[in-house]
$ cat work_29.txt   # compact mmCIF, C-alpha atoms
# COMPACT_ATOMS: atom_id res chain seq x y z
CA MET H 1 -32.89 -136.86 4.36
CA SER H 2 -35.89 -135.10 2.92
CA ALA H 3 -38.48 -133.00 4.73
CA GLU H 4 -39.48 -134.09 8.23
CA THR H 5 -42.91 -135.41 9.14
CA GLN H 6 -44.94 -133.19 11.48
CA ILE H 7 -45.83 -134.96 14.71
CA ARG H 8 -47.96 -133.21 17.36
CA CYS H 9 -48.86 -135.93 19.87
CA VAL H 10 -47.11 -139.23 20.63
CA THR H 11 -48.19 -142.05 22.92
CA ILE H 12 -45.22 -143.66 24.65
CA PHE H 13 -45.87 -147.11 26.08
CA GLY H 14 -43.52 -147.69 28.97
CA GLY H 15 -43.45 -143.94 29.52
CA THR H 16 -42.50 -144.31 33.20
CA GLY H 17 -39.40 -146.41 32.50
CA PHE H 18 -35.78 -145.30 32.22
CA LEU H 19 -35.86 -145.03 28.43
CA GLY H 20 -39.50 -143.92 28.26
CA ARG H 21 -38.79 -140.93 30.52
CA ALA H 22 -35.82 -139.91 28.37
CA ILE H 23 -37.90 -140.10 25.18
CA THR H 24 -40.66 -138.08 26.87
CA ARG H 25 -38.26 -135.30 27.84
CA ARG H 26 -36.76 -135.19 24.34
CA LEU H 27 -40.15 -134.93 22.64
CA LEU H 28 -41.34 -132.26 25.06
CA ALA H 29 -38.24 -130.23 24.30
CA GLU H 30 -39.35 -130.22 20.65
CA GLY H 31 -42.85 -129.04 21.54
CA ILE H 32 -44.44 -132.44 20.99
CA SER H 33 -47.20 -133.47 23.40
CA VAL H 34 -46.78 -136.84 25.07
CA ARG H 35 -49.25 -139.39 26.33
CA ALA H 36 -47.18 -141.44 28.77
CA ALA H 37 -48.93 -144.82 28.91
CA ALA H 38 -48.18 -147.18 31.77
CA ARG H 39 -49.82 -149.56 34.21
CA HIS H 40 -49.04 -147.06 36.96
CA PRO H 41 -49.67 -143.66 35.32
CA GLU H 42 -49.32 -141.88 38.67
CA ASP H 43 -45.56 -142.22 38.18
CA THR H 44 -45.94 -140.17 35.02
CA ALA H 45 -47.94 -137.56 36.89
CA PHE H 46 -44.91 -137.08 39.11
CA GLU H 47 -42.72 -136.64 36.05
CA ALA H 48 -45.14 -134.01 34.73
CA ARG H 49 -44.91 -132.07 37.99
CA ARG H 50 -41.12 -132.39 38.02
CA THR H 51 -40.80 -130.96 34.53
CA GLN H 52 -43.62 -128.45 35.18
CA SER H 53 -45.03 -129.39 31.82
CA GLY H 54 -48.67 -129.48 30.89
CA ASP H 55 -47.83 -131.44 27.74
CA ILE H 56 -47.56 -134.82 29.51
CA GLN H 57 -50.84 -136.67 29.78
CA PRO H 58 -50.57 -139.74 32.03
CA VAL H 59 -52.80 -142.56 30.75
CA TYR H 60 -53.37 -146.13 31.90
CA ALA H 61 -52.38 -148.91 29.53
CA ASP H 62 -51.27 -152.50 29.85
CA VAL H 63 -49.83 -153.76 26.57
CA ARG H 64 -51.27 -157.19 27.34
CA ASP H 65 -54.78 -155.64 27.17
CA GLU H 66 -55.52 -154.42 23.64
CA THR H 67 -58.54 -152.38 24.74
CA SER H 68 -56.41 -150.23 27.05
CA VAL H 69 -53.85 -149.88 24.26
CA ALA H 70 -56.54 -148.64 21.88
CA LEU H 71 -57.78 -146.04 24.37
CA ALA H 72 -54.24 -144.80 25.04
CA LEU H 73 -53.65 -144.25 21.32
CA GLU H 74 -56.81 -142.28 20.55
CA GLY H 75 -55.95 -138.87 19.13
CA SER H 76 -52.22 -139.55 18.76
CA ASP H 77 -50.22 -139.06 15.58
CA ALA H 78 -47.58 -141.67 16.43
CA ALA H 79 -46.53 -144.18 19.06
CA VAL H 80 -43.39 -145.55 20.67
CA ASN H 81 -43.31 -148.94 22.37
CA ALA H 82 -40.59 -148.71 25.03
CA VAL H 83 -42.01 -151.36 27.36
CA GLY H 84 -39.34 -153.61 28.82
CA LEU H 85 -39.51 -156.75 30.99
CA TYR H 86 -36.32 -158.42 32.20
CA VAL H 87 -37.60 -160.74 34.94
CA GLU H 88 -40.79 -162.79 34.58
CA HIS H 89 -43.41 -162.62 37.35
CA GLY H 90 -46.54 -164.76 37.09
CA ALA H 91 -48.61 -163.54 34.14
CA GLU H 92 -45.90 -161.00 33.28
CA THR H 93 -43.95 -163.22 30.93
CA PHE H 94 -41.57 -162.36 28.11
CA GLU H 95 -44.09 -163.71 25.60
CA ALA H 96 -46.98 -161.71 27.08
CA VAL H 97 -45.09 -158.41 27.07
CA HIS H 98 -42.55 -158.55 24.25
CA GLU H 99 -44.52 -160.58 21.73
CA ILE H 100 -48.25 -160.33 22.43
CA GLY H 101 -47.90 -156.83 23.89
CA ALA H 102 -45.88 -155.66 20.90
CA LEU H 103 -48.52 -157.14 18.58
CA ASN H 104 -51.31 -155.34 20.44
CA VAL H 105 -49.60 -151.96 20.19
CA ALA H 106 -48.65 -152.38 16.53
CA HIS H 107 -52.12 -153.67 15.61
CA GLN H 108 -53.89 -150.75 17.25
CA ALA H 109 -51.43 -148.27 15.77
CA ALA H 110 -52.24 -149.66 12.32
CA THR H 111 -55.99 -149.86 12.99
CA GLN H 112 -56.14 -146.22 14.09
CA GLY H 113 -54.08 -145.10 11.11
CA LEU H 114 -51.10 -143.66 13.00
CA GLY H 115 -48.46 -142.26 10.71
CA ARG H 116 -45.45 -143.51 12.65
CA PHE H 117 -44.63 -146.32 15.03
CA VAL H 118 -41.26 -146.90 16.73
CA HIS H 119 -40.66 -150.24 18.42
CA ILE H 120 -37.78 -150.59 20.88
CA SER H 121 -36.13 -154.01 20.78
CA GLY H 122 -32.49 -154.83 21.51
CA ILE H 123 -29.23 -155.75 19.83
CA GLY H 124 -28.90 -159.50 19.45
CA ALA H 125 -32.61 -160.29 19.03
CA ASP H 126 -32.47 -163.80 17.57
CA LEU H 127 -35.18 -166.40 16.90
CA TYR H 128 -32.66 -169.21 17.51
CA SER H 129 -31.10 -167.92 20.72
CA PRO H 130 -30.95 -170.31 23.72
CA SER H 131 -32.39 -167.41 25.76
CA SER H 132 -36.19 -167.23 25.83
CA TYR H 133 -35.89 -163.47 26.41
CA VAL H 134 -33.82 -162.97 23.25
CA ARG H 135 -36.06 -165.25 21.17
CA VAL H 136 -39.20 -163.43 22.22
CA ARG H 137 -37.68 -160.02 21.44
CA ALA H 138 -37.04 -161.31 17.91
CA LYS H 139 -40.63 -162.62 17.65
CA GLY H 140 -41.86 -159.22 18.81
CA GLU H 141 -40.02 -157.55 15.95
CA LEU H 142 -41.57 -159.96 13.44
CA VAL H 143 -45.16 -159.45 14.59
CA VAL H 144 -44.68 -155.67 14.60
CA GLN H 145 -43.32 -155.70 11.05
CA ASP H 146 -46.15 -157.97 9.96
CA VAL H 147 -49.01 -155.73 11.13
CA PHE H 148 -47.24 -152.35 10.77
CA PRO H 149 -44.71 -152.79 7.92
CA ARG H 150 -43.57 -149.16 8.14
CA ALA H 151 -42.60 -149.48 11.80
CA THR H 152 -39.09 -148.38 12.72
CA ILE H 153 -37.22 -150.89 14.90
CA LEU H 154 -34.57 -149.53 17.28
CA ARG H 155 -32.18 -152.06 18.79
CA PRO H 156 -30.13 -150.39 21.52
CA SER H 157 -27.25 -152.03 23.32
CA VAL H 158 -27.16 -151.77 27.11
CA LEU H 159 -28.30 -148.28 28.16
CA PHE H 160 -26.36 -145.92 30.38
CA GLY H 161 -27.24 -142.61 32.03
CA PRO H 162 -26.85 -141.10 35.53
CA ASP H 163 -29.90 -142.93 36.93
CA ASP H 164 -29.45 -146.22 35.04
CA ARG H 165 -29.55 -149.72 36.49
CA PHE H 166 -26.41 -150.85 34.69
CA VAL H 167 -23.44 -148.69 35.61
CA ASN H 168 -24.95 -147.89 39.01
CA ALA H 169 -25.39 -151.59 39.78
CA LEU H 170 -21.76 -152.28 38.89
CA ALA H 171 -20.68 -149.33 41.05
CA GLN H 172 -22.68 -150.71 44.00
CA ILE H 173 -21.01 -154.08 43.65
CA ALA H 174 -17.61 -152.38 43.52
CA ALA H 175 -18.44 -150.40 46.66
CA ARG H 176 -19.57 -153.39 48.73
CA ALA H 177 -17.55 -156.38 47.57
CA PRO H 178 -13.79 -156.82 47.94
CA VAL H 179 -13.94 -159.34 45.10
CA ILE H 180 -15.91 -158.81 41.87
CA PRO H 181 -16.84 -161.97 39.97
CA LEU H 182 -16.59 -161.88 36.19
CA PHE H 183 -18.73 -163.69 33.65
CA GLY H 184 -16.21 -166.17 32.31
CA ARG H 185 -12.95 -164.26 31.92
CA GLY H 186 -14.82 -161.00 31.43
CA ASP H 187 -14.18 -160.99 27.68
CA THR H 188 -17.79 -160.46 26.54
CA LYS H 189 -17.96 -157.32 24.37
CA LEU H 190 -20.52 -154.61 25.12
CA GLN H 191 -21.22 -151.30 23.37
CA PRO H 192 -23.12 -149.20 25.95
CA VAL H 193 -25.27 -146.45 24.45
CA TYR H 194 -26.32 -143.21 26.14
CA VAL H 195 -30.03 -143.12 26.91
CA GLY H 196 -30.20 -139.56 25.58
CA ASP H 197 -28.88 -140.72 22.20
CA VAL H 198 -31.55 -143.43 22.02
CA ALA H 199 -34.20 -140.83 22.87
CA GLU H 200 -32.86 -138.65 20.05
CA ALA H 201 -32.99 -141.67 17.73
CA ALA H 202 -36.65 -142.20 18.63
CA LEU H 203 -37.42 -138.56 17.83
CA ARG H 204 -35.69 -138.76 14.45
CA ALA H 205 -37.33 -142.09 13.65
CA LEU H 206 -40.70 -140.42 14.23
CA ARG H 207 -39.92 -137.49 11.97
CA HIS H 208 -37.69 -138.49 9.08
CA PRO H 209 -39.22 -140.02 5.95
CA ASP H 210 -36.27 -142.41 5.49
CA ALA H 211 -36.80 -144.20 8.83
CA PRO H 212 -40.08 -146.16 8.35
CA GLY H 213 -39.57 -149.85 7.68
CA LYS H 214 -35.94 -149.82 8.78
CA THR H 215 -34.06 -151.35 11.70
CA TYR H 216 -31.27 -149.48 13.48
CA GLU H 217 -28.75 -150.92 15.93
CA LEU H 218 -27.73 -148.33 18.50
CA GLY H 219 -24.41 -148.48 20.29
CA GLY H 220 -21.98 -146.02 21.81
CA PRO H 221 -18.70 -144.88 20.24
CA GLN H 222 -16.61 -147.52 22.02
CA VAL H 223 -16.73 -151.27 22.53
CA TYR H 224 -15.63 -152.54 25.95
CA SER H 225 -15.06 -155.96 27.40
CA TYR H 226 -17.03 -156.60 30.59
CA ARG H 227 -13.72 -156.58 32.47
CA ALA H 228 -12.76 -153.22 30.95
CA LEU H 229 -16.09 -151.71 32.05
CA ILE H 230 -15.52 -152.88 35.63
CA GLU H 231 -12.00 -151.45 35.56
CA LEU H 232 -13.32 -148.12 34.22
CA ILE H 233 -15.81 -147.85 37.08
CA LEU H 234 -13.16 -148.78 39.63
CA ARG H 235 -10.93 -145.97 38.32
CA ARG H 236 -13.84 -143.53 38.41
CA THR H 237 -14.60 -144.42 42.06
CA ASN H 238 -10.94 -144.66 43.10
CA ARG H 239 -11.28 -148.25 44.27
CA LYS H 240 -9.14 -151.34 43.90
CA ARG H 241 -10.82 -154.73 43.79
CA LEU H 242 -9.83 -158.28 42.89
CA LEU H 243 -11.51 -159.40 39.65
CA LEU H 244 -12.35 -163.11 39.83
CA PRO H 245 -13.16 -165.06 36.64
CA LEU H 246 -16.04 -167.53 37.14
CA PRO H 247 -17.05 -170.16 34.55
CA PHE H 248 -20.49 -169.75 33.02
CA ALA H 249 -21.50 -173.17 34.32
CA LEU H 250 -21.16 -171.84 37.86
CA TRP H 251 -23.17 -168.72 36.96
CA GLU H 252 -25.98 -170.98 35.72
CA ILE H 253 -26.00 -172.78 39.09
CA LEU H 254 -26.11 -169.44 40.91
CA ALA H 255 -28.99 -168.27 38.69
CA GLY H 256 -30.89 -171.43 39.54
CA LEU H 257 -30.42 -170.79 43.26
CA ALA H 258 -31.44 -167.13 42.86
CA ALA H 259 -34.68 -168.15 41.16
CA VAL H 260 -36.30 -168.83 44.56
CA PHE H 261 -36.35 -165.10 45.35
CA PRO H 262 -39.37 -162.94 44.32
CA ALA H 263 -37.00 -160.51 42.59
CA PRO H 264 -33.96 -162.62 41.73
CA PRO H 265 -30.67 -160.69 41.54
CA LEU H 266 -29.53 -163.05 38.77
CA THR H 267 -31.47 -164.96 36.09
CA HIS H 268 -30.64 -167.61 33.50
CA ALA H 269 -31.57 -165.05 30.81
CA GLN H 270 -28.92 -162.63 32.11
CA VAL H 271 -26.27 -165.35 32.13
CA THR H 272 -27.17 -166.36 28.58
CA LEU H 273 -26.97 -162.75 27.41
CA MET H 274 -23.47 -162.42 28.87
CA ARG H 275 -22.27 -165.37 26.81
CA ARG H 276 -22.64 -163.36 23.61
CA ASP H 277 -21.15 -160.04 22.47
CA ASN H 278 -23.67 -157.18 22.41
CA VAL H 279 -22.37 -154.83 19.73
CA VAL H 280 -23.61 -153.12 16.57
CA GLY H 281 -23.29 -155.36 13.53
CA PRO H 282 -20.82 -154.30 10.83
CA ALA H 283 -23.54 -153.93 8.17
CA ALA H 284 -26.29 -152.55 10.42
CA LEU H 285 -27.81 -149.09 10.21
CA SER H 286 -26.74 -147.13 13.29
CA LEU H 287 -26.91 -143.80 15.10
CA LYS H 288 -24.79 -142.26 12.35
CA ASP H 289 -27.46 -143.11 9.79
CA LEU H 290 -29.86 -141.02 11.86
CA GLY H 291 -27.35 -138.16 11.97
CA ILE H 292 -26.43 -138.70 15.64
CA ASP H 293 -22.91 -138.59 17.06
CA ALA H 294 -22.76 -141.17 19.85
CA THR H 295 -21.95 -139.91 23.36
CA ALA H 296 -19.03 -141.55 25.16
CA LEU H 297 -19.60 -143.25 28.52
CA GLU H 298 -16.61 -141.41 29.99
CA THR H 299 -18.31 -138.09 29.19
CA ILE H 300 -21.39 -138.97 31.25
CA LEU H 301 -19.66 -140.72 34.16
CA ALA H 302 -18.96 -137.34 35.78
CA ASP H 303 -22.73 -136.90 36.25
CA TYR H 304 -23.18 -140.12 38.24
CA ALA H 305 -23.77 -139.82 41.98
CA PHE H 306 -21.04 -142.21 43.14
$ encode --input "work_29.txt" --output "structure tokens"
Amino acid sequence: MSAETQIRCVTIFGGTGFLGRAITRRLLAEGISVRAAARHPEDTAFEARRTQSGDIQPVYADVRDETSVALALEGSDAAVNAVGLYVEHGAETFEAVHEIGALNVAHQAATQGLGRFVHISGIGADLYSPSSYVRVRAKGELVVQDVFPRATILRPSVLFGPDDRFVNALAQIAARAPVIPLFGRGDTKLQPVYVGDVAEAALRALRHPDAPGKTYELGGPQVYSYRALIELILRRTNRKRLLLPLPFALWEILAGLAAVFPAPPLTHAQVTLMRRDNVVGPAALSLKDLGIDATALETILADYAF
């Protein structure tokens, strides 16, 4: 790669989220100032106090409101859209956040002449998926590329890290339930990626001249079946549990029943996602193309509080 682009200030949309916080910390470590944009910027103020950094500026922004997006971007050299929505609530729909919201951020980034824009999507984004979540993520990529052609798209697999909602959720199930239900036979393939590696990928996508206009799929060094991941966590926590295969048709029924709750523990979108492998494509650009050696899940498991 040729000489790196100089970036002084970056606005991170979704700066209070799991990935947004990791990207913030990585940029700060490089001396880059961060505007952490979120609907609840007070959460970012706490992060600033925790890191004792004066280089985090909490700002209000709702990606559904283009005016707030424009204000959050003023004075920035680059932007990262790390906003994620996994369960719809009223006006907070997949379309509003992942398509219209992505368009608003990309449009304002282009209008204000920002040099770099990194959009976080996900492996498996597909316009023809039966999952509305997956379809909208794909639409979000298209609108971003349309209005900001030099945007870099990062498609991570499921994220892991000591305070994640993935491994920790599986560990909680293992701690409480004598029987752990599997999606189908538990054969779905996953390639979990360390949140710190995705943060590093965002930094490099902002800096390197080869990254604009490209899409990278980000996965860890190992592919696991869902069953193998459960077994790994059971070994780590010294527990023995019965693993019970459940047909996807039954999971769909359970998701329908769970939909009555304000914050459903299971959704149809989640069931649909578990029907399909979530791994880096054989021809896709990856962490290696950004010069990053992927971190193994087993290396980080020792840092989890379970």
$ atom_distance --input "work_29.txt" --atom1 "atom CA of H:Phe183" --atom2 "atom CA of H:Ala296"
23.7 Å
$ closest_residue --input "work_29.txt" --among "H:Thr237, H:Gln191, H:Ser132, H:Thr152" --to "H:Thr295" --atoms "all atoms listed in the file"
H:Gln191
$ residues_around --input "work_29.txt" --residues "H:Gly213" --least-positions-apart "2" --cutoff "9 Å" --atoms "all atoms listed in the file" --output "number ranges by chain"
H: 145, 148-153, 210-211, 215
$ write_last_selection --input "work_29.txt" --atoms "C-alpha atoms" --output "compact mmCIF listing (two decimals), keeping the file's coordinate frame"
# COMPACT_ATOMS: atom_id res chain seq x y z
CA GLN H 145 -43.32 -155.70 11.05
CA PHE H 148 -47.24 -152.35 10.77
CA PRO H 149 -44.71 -152.79 7.92
CA ARG H 150 -43.57 -149.16 8.14
CA ALA H 151 -42.60 -149.48 11.80
CA THR H 152 -39.09 -148.38 12.72
CA ILE H 153 -37.22 -150.89 14.90
CA ASP H 210 -36.27 -142.41 5.49
CA ALA H 211 -36.80 -144.20 8.83
CA THR H 215 -34.06 -151.35 11.70
$ atom_distance --input "work_29.txt" --atom1 "atom CA of H:Thr272" --atom2 "atom CA of H:Glu95"
17.4 Å
$ closest_residue --input "work_29.txt" --among "H:Arg207, H:Arg165, H:Arg239, H:Arg137" --to "H:Gly17" --atoms "only C-alpha atoms"
H:Arg165
$ axis_aligned_box --input "work_29.txt" --around "stretch 191-196 of chain H" --padding-each-side "8 Å" --output "AutoDock Vina command-line options"
--center_x -25.7 --center_y -145.4 --center_z 25.1 --size_x 25.0 --size_y 27.7 --size_z 19.5
$ build_atoms --input "work_29.txt" --residues "stretch 83-111 of chain H" --atoms "N, CA and C atoms" --output "CSV table (one decimal), in the coordinates of the input"
chain,number,residue,atom,x,y,z
H,83,VAL,N,-41.8,-150.5,26.2
H,83,VAL,CA,-42.0,-151.4,27.4
H,83,VAL,C,-40.9,-152.4,27.4
H,84,GLY,N,-40.4,-152.6,28.6
H,84,GLY,CA,-39.3,-153.6,28.8
H,84,GLY,C,-39.6,-154.5,30.0
H,85,LEU,N,-39.4,-155.8,29.9
H,85,LEU,CA,-39.5,-156.8,31.0
H,85,LEU,C,-38.3,-157.6,31.0
H,86,TYR,N,-37.6,-157.7,32.1
H,86,TYR,CA,-36.3,-158.4,32.2
H,86,TYR,C,-36.4,-159.6,33.1
H,87,VAL,N,-37.4,-159.6,34.0
H,87,VAL,CA,-37.6,-160.7,34.9
H,87,VAL,C,-39.1,-161.1,34.9
H,88,GLU,N,-39.4,-162.4,34.7
H,88,GLU,CA,-40.8,-162.8,34.6
H,88,GLU,C,-41.4,-162.9,36.0
H,89,HIS,N,-42.7,-162.5,36.1
H,89,HIS,CA,-43.4,-162.6,37.4
H,89,HIS,C,-44.8,-163.1,37.0
H,90,GLY,N,-45.2,-164.3,37.3
H,90,GLY,CA,-46.5,-164.8,37.1
H,90,GLY,C,-47.0,-164.6,35.7
H,91,ALA,N,-48.1,-163.8,35.5
H,91,ALA,CA,-48.6,-163.5,34.1
H,91,ALA,C,-47.7,-162.6,33.3
H,92,GLU,N,-46.8,-161.9,34.0
H,92,GLU,CA,-45.9,-161.0,33.3
H,92,GLU,C,-44.8,-161.8,32.7
H,93,THR,N,-45.0,-162.4,31.6
H,93,THR,CA,-44.0,-163.2,30.9
H,93,THR,C,-43.3,-162.5,29.7
H,94,PHE,N,-42.2,-163.0,29.3
H,94,PHE,CA,-41.6,-162.4,28.1
H,94,PHE,C,-42.5,-162.4,26.9
H,95,GLU,N,-43.2,-163.6,26.7
H,95,GLU,CA,-44.1,-163.7,25.6
H,95,GLU,C,-45.3,-162.7,25.7
H,96,ALA,N,-45.8,-162.6,26.9
H,96,ALA,CA,-47.0,-161.7,27.1
H,96,ALA,C,-46.6,-160.3,26.8
H,97,VAL,N,-45.5,-159.8,27.2
H,97,VAL,CA,-45.1,-158.4,27.1
H,97,VAL,C,-44.4,-158.1,25.7
H,98,HIS,N,-43.4,-158.9,25.4
H,98,HIS,CA,-42.6,-158.6,24.2
H,98,HIS,C,-43.1,-159.1,22.9
H,99,GLU,N,-43.9,-160.1,23.0
H,99,GLU,CA,-44.5,-160.6,21.7
H,99,GLU,C,-46.0,-160.2,21.6
H,100,ILE,N,-46.8,-160.7,22.5
H,100,ILE,CA,-48.2,-160.3,22.4
H,100,ILE,C,-48.5,-158.8,22.7
H,101,GLY,N,-47.8,-158.3,23.6
H,101,GLY,CA,-47.9,-156.8,23.9
H,101,GLY,C,-47.5,-156.0,22.7
H,102,ALA,N,-46.3,-156.4,22.1
H,102,ALA,CA,-45.9,-155.7,20.9
H,102,ALA,C,-46.9,-155.8,19.8
H,103,LEU,N,-47.5,-156.9,19.6
H,103,LEU,CA,-48.5,-157.1,18.6
H,103,LEU,C,-49.7,-156.2,18.8
H,104,ASN,N,-50.2,-156.2,20.1
H,104,ASN,CA,-51.3,-155.3,20.4
H,104,ASN,C,-51.1,-153.9,20.1
H,105,VAL,N,-49.9,-153.4,20.5
H,105,VAL,CA,-49.6,-152.0,20.2
H,105,VAL,C,-49.5,-151.7,18.7
H,106,ALA,N,-48.8,-152.6,18.0
H,106,ALA,CA,-48.6,-152.4,16.5
H,106,ALA,C,-50.0,-152.5,15.8
H,107,HIS,N,-50.8,-153.5,16.2
H,107,HIS,CA,-52.1,-153.7,15.6
H,107,HIS,C,-53.0,-152.5,15.8
H,108,GLN,N,-53.1,-151.9,17.0
H,108,GLN,CA,-53.9,-150.8,17.2
H,108,GLN,C,-53.3,-149.5,16.6
H,109,ALA,N,-52.0,-149.4,16.5
H,109,ALA,CA,-51.4,-148.3,15.8
H,109,ALA,C,-51.8,-148.3,14.3
H,110,ALA,N,-51.8,-149.5,13.7
H,110,ALA,CA,-52.2,-149.7,12.3
H,110,ALA,C,-53.7,-149.4,12.2
H,111,THR,N,-54.5,-150.0,13.1
H,111,THR,CA,-56.0,-149.9,13.0
H,111,THR,C,-56.4,-148.4,13.1
